[in-house]
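K.L.:
One structure, pasted below without further comment.
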Amino acid sequence: MKTIIEPFRIKSIETVRTTTVEQREEILKNAYYNPFLIPAEDVLIDLLTDSGTSAMSAKQWAAIMDGDESYAGSKSYFRFKNATENIFGFKHIIPVHQGRAAERILFQFLLSSIDEEGRFNNAGKGKTIPSNNHFDTTRANIEFNGAEAVDLVIEEGKHPEVIHPFKGNMDLKKLEAFIKKYGKENIPVCMITITNNTGGGQPVSMENIREVSKICRKNGIPFFIDACRFAENAYFIKIREKGYENKEILDICREMFSYADGCTMSAKKDAFANIGGFVAMNSEDWYLNCKNLLIITEGYETYGGLAGRDMEAIAQGLEEIVDEGYLHYRIHSTKYLGDKLTENGIPIIQPPGGHAIYVDAKGFLPNIPADKYPGQALTAELYRIGGVRAVEIGSVMFGKYDEKGKLIPADMELVRLAIPRRVYTQSHIDYLIEVFCEIKENKDKIHGIKIIEEPKFLRHFTAKFGLA
Ligand code: F0G
């Protein structure tokens, strides 16, 4: 059979609400054209994120009932620990409430000097942390601690139309030159994000992970993986990288992590959980320091801000995510959306990524300049026409200002259609394609967007916008 079907059936449903274009115009205005400010009940198809939005399995819900809420040494913690060890293989694991808590703990520790009383004093200035592309919370946590976050993705990864099997790869030459220029003593860790969310959900090859690891080891720089979508990355390695076609997904995952000294993970992605995450590492010293920070702000070491039931859901989710049948459906259903949009003349980052399709808003709306935020304009139009919620990944999210307050635009102006795991069916996706076709017919009339109000960090979450 050629048709790839959803490898599950629906046991429990949530009703979605339909609204009219006129209602949505009003809702948009009230939300200052920021999709994060739209009440979720007013959204028909929610593609804002694949984070924490997965449909959990019957087995996960059953595990939740079995959650052990003991403060210390809960049975659920040990199940969580075993499940993570099985895949990631690091010596120490610290549960946290979500990915950015892992980042906050790791970077607060790495970018501090620790005084005689054991206090952490910020010492991030002059330090830099390279990655293929840092995700926005990772970047913010690095910058918030006074250091610089630097992106070293390969050139192909910056051009939406260029086809490359592993567009998330790090540029090895640039990494070597970077280490030479800044000095290894100023690089407390090197990261790689799999899959590369900011760069289009594009995978990183095993070879690239191995080579980055080699360069880091040669220079004595610890190497960490931002592991949010590790299973999707492993599936891409299986289908695209020579030598891996007959390997089990679990073995591919284990090999990826064997090259690293630790990882940060948001279990809201490839663990099918609604909340949770962890930071894992081999170093005993790092573990002890990170654990101290954990206990001060997140919780005791055997729950780290999670309920026992959350750790159960993560443990069960991690068992399910490495299922090749599921990943086959996942990657192909994302590709289905990408291919249909391409057929209909909507430019996207090619080839389609793992968890999302990224529409090239600069290519789609060439009349709207970067300082009128074409990506933000397209998210507003998607909602207005179809009740679809998506997120801009462009100059709203990553733009900076020069000394004169002029916008330094992001490399790309994208709109991400993130697909929650096991949530939407093919007819939802077909509807979405129709919405795009309708937008395309009148795209020259779409307004640019201006920023009315913005915070200093992570502005896309709370900024207010208006029509330009
Ligand atoms: N790293 C990557 C690559 C991510 O995509 C995210 C979250 C995080 C870290 C932080 O994890 O949300 O659990 O604190 N990405 C979500 C998204 C928010 O929509 O892509 P978190």
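Lettering and numbering for the structure tokens are positional, with chains as A, B, ... in the shown order, residues counted from 1 in each chain, and ligands counted from 1 in the shown order.
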Output as a Markdown table one row per residue of chain A within 7 Å of ligand 1: the closest atom pair and its distance in Å to one decimal place, counting only C-alpha atoms and all ligand atoms, sorted by chain and residue number ascending.
P.N.:
| residue | atom | partner | partner_atom_place_in_ligand_line | distance |
| --- | --- | --- | --- | --- |
| A:Leu48 | CA | ligand 1 | 19 (O) | 6.8 |
| A:Thr49 | CA | ligand 1 | 19 (O) | 4.2 |
| A:Asp50 | CA | ligand 1 | 19 (O) | 6.0 |
| A:Ser51 | CA | ligand 1 | 16 (C) | 5.1 |
| A:Gln98 | CA | ligand 1 | 13 (O) | 3.9 |
| A:Gly99 | CA | ligand 1 | 11 (O) | 3.5 |
| A:Arg100 | CA | ligand 1 | 14 (O) | 3.7 |
| A:Ala101 | CA | ligand 1 | 14 (O) | 6.4 |
| A:Phe135 | CA | ligand 1 | 3 (C) | 5.0 |
| A:Thr137 | CA | ligand 1 | 10 (C) | 5.7 |
| A:Thr138 | CA | ligand 1 | 9 (C) | 6.0 |
| A:Thr193 | CA | ligand 1 | 3 (C) | 5.8 |
| A:Ile194 | CA | ligand 1 | 3 (C) | 7.0 |
| A:Asn196 | CA | ligand 1 | 3 (C) | 6.5 |
| A:Asn197 | CA | ligand 1 | 3 (C) | 5.3 |
| A:Asp226 | CA | ligand 1 | 1 (N) | 5.9 |
| A:Cys228 | CA | ligand 1 | 3 (C) | 5.6 |
| A:Met265 | CA | ligand 1 | 9 (C) | 6.9 |
| A:Ser266 | CA | ligand 1 | 13 (O) | 4.2 |
| A:Ala267 | CA | ligand 1 | 13 (O) | 6.7 |
| A:Lys268 | CA | ligand 1 | 13 (O) | 5.7 |
| A:Gly276 | CA | ligand 1 | 13 (O) | 6.8 |
| A:Gly277 | CA | ligand 1 | 13 (O) | 6.5 |
K.L.:
May I have the residues from that selection written out with N, CA, C and O atoms, as a short mmCIF file (atom, residue, chain, number, x, y, z; two decimals), in the first residue's frame?
P.N.:
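Written file, selection_12.cif:
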data_model
loop_
_atom_site.label_atom_id
_atom_site.label_comp_id
_atom_site.auth_asym_id
_atom_site.auth_seq_id
_atom_site.Cartn_x
_atom_site.Cartn_y
_atom_site.Cartn_z
N LEU A 48 0.75 26.53 16.36
CA LEU A 48 1.68 27.44 17.03
C LEU A 48 2.94 26.68 17.43
O LEU A 48 4.05 27.17 17.32
N THR A 49 2.74 25.49 17.92
CA THR A 49 3.90 24.71 18.38
C THR A 49 3.57 23.23 18.44
O THR A 49 2.40 22.84 18.55
N ASP A 50 4.63 22.43 18.37
CA ASP A 50 4.50 20.98 18.59
C ASP A 50 4.92 20.67 20.02
O ASP A 50 5.16 19.53 20.37
N SER A 51 5.03 21.71 20.85
CA SER A 51 5.60 21.56 22.19
C SER A 51 4.51 21.43 23.25
O SER A 51 3.75 22.39 23.47
N GLN A 98 10.70 22.00 32.18
CA GLN A 98 10.72 22.01 30.72
C GLN A 98 12.11 22.38 30.22
O GLN A 98 13.00 22.66 31.02
N GLY A 99 12.28 22.38 28.90
CA GLY A 99 13.61 22.54 28.32
C GLY A 99 14.36 23.77 28.80
O GLY A 99 15.56 23.71 29.10
N ARG A 100 13.67 24.90 28.87
CA ARG A 100 14.38 26.13 29.21
C ARG A 100 14.86 26.14 30.66
O ARG A 100 15.80 26.87 30.98
N ALA A 101 14.27 25.33 31.51
CA ALA A 101 14.78 25.21 32.88
C ALA A 101 16.11 24.46 32.84
O ALA A 101 17.05 24.79 33.59
N PHE A 135 18.13 27.62 19.60
CA PHE A 135 16.70 27.96 19.67
C PHE A 135 16.57 29.25 20.48
O PHE A 135 17.47 29.62 21.21
N THR A 137 14.94 30.19 23.21
CA THR A 137 15.10 30.18 24.68
C THR A 137 16.56 29.87 25.06
O THR A 137 17.06 30.36 26.07
N THR A 138 17.21 29.06 24.24
CA THR A 138 18.62 28.73 24.50
C THR A 138 19.45 30.00 24.37
O THR A 138 20.25 30.34 25.25
N THR A 193 21.80 21.43 17.93
CA THR A 193 20.36 21.24 18.13
C THR A 193 19.85 20.22 17.12
O THR A 193 20.02 20.41 15.91
N ILE A 194 19.25 19.13 17.62
CA ILE A 194 18.72 18.11 16.71
C ILE A 194 17.23 17.91 16.99
O ILE A 194 16.88 17.76 18.14
N ASN A 196 17.30 20.79 13.83
CA ASN A 196 17.57 22.23 13.97
C ASN A 196 16.28 23.02 13.80
O ASN A 196 15.90 23.39 12.69
N ASN A 197 15.63 23.29 14.90
CA ASN A 197 14.32 23.94 14.89
C ASN A 197 14.37 25.30 14.19
O ASN A 197 13.62 25.56 13.25
N ASP A 226 21.23 19.64 22.18
CA ASP A 226 19.86 20.05 22.48
C ASP A 226 18.98 19.01 21.80
O ASP A 226 18.85 18.99 20.57
N CYS A 228 15.73 17.98 21.87
CA CYS A 228 14.25 18.01 21.81
C CYS A 228 13.61 17.05 20.82
O CYS A 228 12.65 16.37 21.12
N MET A 265 16.99 18.63 27.29
CA MET A 265 15.86 18.02 26.60
C MET A 265 14.55 18.63 27.08
O MET A 265 14.33 18.79 28.28
N SER A 266 13.70 18.97 26.13
CA SER A 266 12.32 19.32 26.45
C SER A 266 11.47 18.11 26.13
O SER A 266 11.33 17.73 24.97
N ALA A 267 10.91 17.48 27.16
CA ALA A 267 10.09 16.27 26.96
C ALA A 267 8.75 16.61 26.32
O ALA A 267 7.96 15.74 26.01
N LYS A 268 8.51 17.93 26.11
CA LYS A 268 7.27 18.37 25.48
C LYS A 268 7.29 18.10 23.98
O LYS A 268 6.30 18.32 23.30
N GLY A 276 7.60 18.89 30.99
CA GLY A 276 8.76 18.14 31.48
C GLY A 276 10.00 18.29 30.63
O GLY A 276 9.95 18.81 29.50
N GLY A 277 11.09 17.86 31.20
CA GLY A 277 12.36 17.92 30.50
C GLY A 277 13.46 17.44 31.42
O GLY A 277 13.19 16.98 32.53
#
K.L.:
DSSP says alpha helix (DSSP H) for which residues of range 147-207 of chain A? Put them as JSON, numbers by chain?
P.N.:
{"A": [172, 173, 174, 175, 176, 177, 178, 179, 180, 181, 182, 206, 207]}
K.L.:
Mind checking DSSP for range 19-219 of chain A and telling me the strand (DSSP E or B) residues as number ranges by chain?
P.N.:
A: 45-46, 92-96, 112-114, 120-122, 128-131, 148-151, 153, 170, 190-193, 196, 202
K.L.:
Using only C-alpha atoms, can you tell me which of A:Asp339, A:Glu392, A:Glu441, A:Asp310 comes closest to Ile64 in chain A?
P.N.:
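Residue with the minimum atom-to-atom distance to Ile64 in chain A: A:Asp310.
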K.L.:
If we count only C-alpha atoms and set the cut-off at 10 Å, which residues sit around range 241-258 of chain A, ignoring sequence neighbours fewer than 4 positions away in its own chain? Please answer as a compact mmCIF listing (two decimals) with N, CA, C and O atoms, in the first residue's frame.
P.N.:
# COMPACT_ATOMS: atom_id res chain seq x y z
N GLU A 85 18.00 6.75 30.60
CA GLU A 85 19.31 6.08 30.48
C GLU A 85 19.33 5.14 29.28
O GLU A 85 20.32 5.05 28.57
N ASN A 86 18.21 4.49 29.06
CA ASN A 86 18.11 3.52 27.97
C ASN A 86 18.41 4.16 26.61
O ASN A 86 19.02 3.55 25.74
N ILE A 87 18.00 5.41 26.44
CA ILE A 87 18.20 6.08 25.15
C ILE A 87 19.46 6.96 25.16
O ILE A 87 20.28 6.90 24.26
N PHE A 88 19.58 7.79 26.18
CA PHE A 88 20.60 8.85 26.15
C PHE A 88 21.93 8.39 26.75
O PHE A 88 22.99 8.86 26.33
N GLY A 89 21.87 7.53 27.74
CA GLY A 89 23.08 6.89 28.26
C GLY A 89 24.01 7.75 29.09
O GLY A 89 25.14 7.34 29.35
N PHE A 90 23.58 8.95 29.51
CA PHE A 90 24.47 9.77 30.34
C PHE A 90 24.43 9.31 31.79
O PHE A 90 23.43 8.75 32.25
N PRO A 165 20.47 16.96 2.31
CA PRO A 165 19.84 15.99 3.22
C PRO A 165 19.96 16.36 4.69
O PRO A 165 19.13 15.97 5.51
N PHE A 166 21.00 17.10 5.04
CA PHE A 166 21.22 17.42 6.46
C PHE A 166 21.53 18.92 6.60
O PHE A 166 22.63 19.32 6.94
N ILE A 194 19.25 19.13 17.62
CA ILE A 194 18.72 18.11 16.71
C ILE A 194 17.23 17.91 16.99
O ILE A 194 16.88 17.76 18.14
N VAL A 204 20.48 16.77 11.52
CA VAL A 204 21.94 16.81 11.57
C VAL A 204 22.40 15.38 11.33
O VAL A 204 21.84 14.44 11.91
N SER A 205 23.41 15.19 10.50
CA SER A 205 23.85 13.83 10.19
C SER A 205 24.68 13.26 11.34
O SER A 205 25.26 14.01 12.14
N MET A 206 24.77 11.93 11.37
CA MET A 206 25.61 11.29 12.38
C MET A 206 27.06 11.71 12.18
O MET A 206 27.79 11.96 13.14
N GLU A 207 27.45 11.78 10.91
CA GLU A 207 28.83 12.16 10.62
C GLU A 207 29.14 13.54 11.20
O GLU A 207 30.20 13.75 11.80
N ASN A 208 28.21 14.46 11.06
CA ASN A 208 28.43 15.82 11.56
C ASN A 208 28.52 15.84 13.08
O ASN A 208 29.39 16.49 13.66
N ILE A 209 27.63 15.07 13.73
CA ILE A 209 27.67 15.00 15.20
C ILE A 209 29.03 14.45 15.64
O ILE A 209 29.68 14.97 16.55
N ARG A 210 29.46 13.41 14.94
CA ARG A 210 30.74 12.76 15.27
C ARG A 210 31.91 13.74 15.09
O ARG A 210 32.79 13.85 15.93
N SER A 213 31.94 16.54 17.63
CA SER A 213 32.42 15.95 18.88
C SER A 213 33.95 15.84 18.87
O SER A 213 34.63 16.17 19.84
N PHE A 224 27.47 19.39 24.09
CA PHE A 224 26.11 19.06 24.52
C PHE A 224 25.16 19.07 23.33
O PHE A 224 25.32 19.86 22.40
N ILE A 225 24.16 18.20 23.41
CA ILE A 225 23.14 18.16 22.36
C ILE A 225 21.83 18.72 22.92
O ILE A 225 21.42 18.36 24.02
N ALA A 227 18.41 18.12 22.61
CA ALA A 227 17.89 16.86 22.10
C ALA A 227 16.38 16.83 21.82
O ALA A 227 15.84 15.77 21.51
N PHE A 230 15.09 14.45 19.04
CA PHE A 230 16.15 13.48 18.73
C PHE A 230 15.65 12.30 17.91
O PHE A 230 16.37 11.78 17.06
N ALA A 231 14.41 11.86 18.15
CA ALA A 231 13.93 10.65 17.45
C ALA A 231 13.65 10.97 15.98
O ALA A 231 13.94 10.16 15.09
N GLU A 232 13.11 12.17 15.75
CA GLU A 232 12.89 12.58 14.35
C GLU A 232 14.24 12.67 13.65
O GLU A 232 14.40 12.25 12.49
N ASN A 233 15.24 13.20 14.35
CA ASN A 233 16.58 13.29 13.76
C ASN A 233 17.12 11.89 13.43
O ASN A 233 17.69 11.66 12.37
N ALA A 234 16.90 10.96 14.35
CA ALA A 234 17.40 9.59 14.15
C ALA A 234 16.73 8.95 12.93
O ALA A 234 17.38 8.25 12.15
N TYR A 235 15.43 9.24 12.75
CA TYR A 235 14.74 8.66 11.59
C TYR A 235 15.32 9.22 10.28
O TYR A 235 15.53 8.47 9.33
N PHE A 236 15.61 10.51 10.26
CA PHE A 236 16.22 11.10 9.05
C PHE A 236 17.59 10.45 8.78
O PHE A 236 17.95 10.21 7.63
N ILE A 237 18.34 10.19 9.83
CA ILE A 237 19.64 9.52 9.64
C ILE A 237 19.41 8.14 9.02
O ILE A 237 20.07 7.74 8.07
N GLY A 262 26.72 15.47 27.27
CA GLY A 262 25.45 15.68 27.96
C GLY A 262 24.42 16.21 27.00
O GLY A 262 24.70 16.40 25.81
N CYS A 263 23.22 16.43 27.51
CA CYS A 263 22.18 17.00 26.65
C CYS A 263 21.17 17.77 27.49
O CYS A 263 21.07 17.57 28.70
N GLU A 319 9.40 5.52 25.41
CA GLU A 319 9.34 4.16 24.82
C GLU A 319 8.63 4.19 23.48
O GLU A 319 8.97 3.47 22.55
N ILE A 321 8.26 6.85 21.35
CA ILE A 321 8.77 7.74 20.30
C ILE A 321 9.80 7.05 19.40
O ILE A 321 9.98 7.43 18.25
N VAL A 322 10.48 6.04 19.92
CA VAL A 322 11.51 5.39 19.09
C VAL A 322 10.92 4.29 18.20
O VAL A 322 11.66 3.53 17.57
N ASP A 323 9.58 4.26 18.13
CA ASP A 323 8.92 3.28 17.26
C ASP A 323 9.04 3.73 15.80
O ASP A 323 8.57 4.81 15.44
N GLU A 324 9.65 2.87 14.99
CA GLU A 324 9.91 3.28 13.61
C GLU A 324 8.63 3.53 12.81
O GLU A 324 8.57 4.42 11.96
N LEU A 327 7.46 6.98 13.54
CA LEU A 327 8.33 8.00 12.94
C LEU A 327 8.15 8.06 11.43
O LEU A 327 8.19 9.14 10.82
K.L.:
Pick the closest to Leu152 in chain A from A:Gly220, A:Gly304, A:Gly325, A:Gly168: which is it, counting only C-alpha atoms?
P.N.:
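Closest residue, counting only C-alpha atoms: A:Gly168.
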K.L.:
What does the distance from CA of Thr379 in chain A to CA of Val391 in chain A come to in Å, to one decimal?
P.N.:
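These atoms are spaced 6.3 Å apart.
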K.L.:
Excluding range 67-72 of chain A and any residue of its chain fewer than 4 positions from it, enumerate the residues within 9 Å of it, using only C-alpha atoms, and give them as a PyMOL selection string.
P.N.:
chain A and resi 63+76-77+300-303+307-313
K.L.:
Which residue out of A:Ile5, A:Met191, A:Ile142, A:Ala380 has the minimum interatomic distance to Tyr336 in chain A when only C-alpha atoms are used?
P.N.:
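For Tyr336 in chain A, the nearest of the candidates is A:Ile5.
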K.L.:
Give me the residues within 9 Å of Glu22 in chain A as a list of chain:residue names, counting only C-alpha atoms and dropping any in the same chain fewer than 4 places off.
P.N.:
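My list of contacting residues is A:Glu26, A:Ile27, A:Arg384.
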K.L.:
Restricting the output to N, CA, C and O atoms, write the selected residues as a tab-separated table (two decimals), in the first residue's frame.
P.N.:
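Printed below is part_37.tsv as written:
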chain	number	residue	atom	x	y	z
A	26	GLU	N	-11.79	40.78	14.51
A	26	GLU	CA	-11.93	41.43	15.82
A	26	GLU	C	-10.97	40.80	16.84
A	26	GLU	O	-10.29	41.50	17.59
A	27	ILE	N	-10.93	39.47	16.82
A	27	ILE	CA	-10.04	38.75	17.76
A	27	ILE	C	-8.58	39.14	17.52
A	27	ILE	O	-7.82	39.38	18.45
A	384	ARG	N	-6.75	35.06	10.03
A	384	ARG	CA	-7.93	35.79	9.53
A	384	ARG	C	-8.71	34.93	8.53
A	384	ARG	O	-9.93	34.77	8.65
K.L.:
Rank nothing, just name the residue among A:Ala140, A:Val435, A:Val423, A:Met1 nearest to Glu14 in chain A, using only C-alpha atoms.
P.N.:
A:Val423
K.L.:
Give me, as a ChimeraX atom specification, all polymer residues having an atom no more than 10 Å from Gly363 in chain A, counting only C-alpha atoms and skipping those fewer than 5 positions away in the same chain.
P.N.:
/A:160-161,346-348,368,374,412-414
K.L.:
So that I have them on file, write out the residues from the current selection with N, CA and C atoms, as a compact mmCIF listing (two decimals), in the first residue's frame.
P.N.:
# COMPACT_ATOMS: atom_id res chain seq x y z
N PRO A 160 16.43 28.84 1.94
CA PRO A 160 15.23 27.99 1.96
C PRO A 160 15.12 27.03 0.78
N GLU A 161 15.54 27.47 -0.42
CA GLU A 161 15.26 26.66 -1.61
C GLU A 161 16.31 25.58 -1.84
N ILE A 346 3.52 27.66 -2.99
CA ILE A 346 3.86 28.34 -1.73
C ILE A 346 5.30 27.96 -1.40
N PRO A 347 6.21 28.94 -1.35
CA PRO A 347 7.62 28.59 -1.09
C PRO A 347 7.84 28.16 0.35
N ILE A 348 8.54 27.06 0.54
CA ILE A 348 8.84 26.56 1.89
C ILE A 348 10.33 26.22 1.98
N ILE A 368 6.46 42.94 1.00
CA ILE A 368 6.56 43.42 2.38
C ILE A 368 8.02 43.35 2.83
N PRO A 374 7.22 40.46 7.21
CA PRO A 374 6.37 39.63 6.35
C PRO A 374 5.86 38.35 7.03
N MET A 412 16.43 34.72 7.78
CA MET A 412 15.26 34.28 7.01
C MET A 412 13.99 34.82 7.65
N GLU A 413 12.96 34.99 6.83
CA GLU A 413 11.65 35.41 7.34
C GLU A 413 10.71 34.22 7.14
N LEU A 414 10.47 33.48 8.21
CA LEU A 414 9.73 32.23 8.08
C LEU A 414 8.44 32.26 8.89
K.L.:
What does the distance from CA of His159 in chain A to CA of Leu175 in chain A come to in Å, to one decimal?
P.N.:
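Taking CA of His159 in chain A as the start and CA of Leu175 in chain A as the end point, the length is 19.5 Å.
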K.L.:
Smallest atom-to-atom distance to Asn219 in chain A: which of A:Lys440, A:Lys174, A:Lys2, A:Lys184, using only C-alpha atoms?
P.N.:
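Among the listed residues, A:Lys184 lies closest to Asn219 in chain A.
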K.L.:
At a cut-off of 12 Å, using only C-alpha atoms, what residues contact Thr3 in chain A? Leave out same-chain residues fewer than 3 positions from it and give the result as a VMD selection string.
P.N.:
chain A and resid 6 to 7 328 to 329 332 to 333 336 426
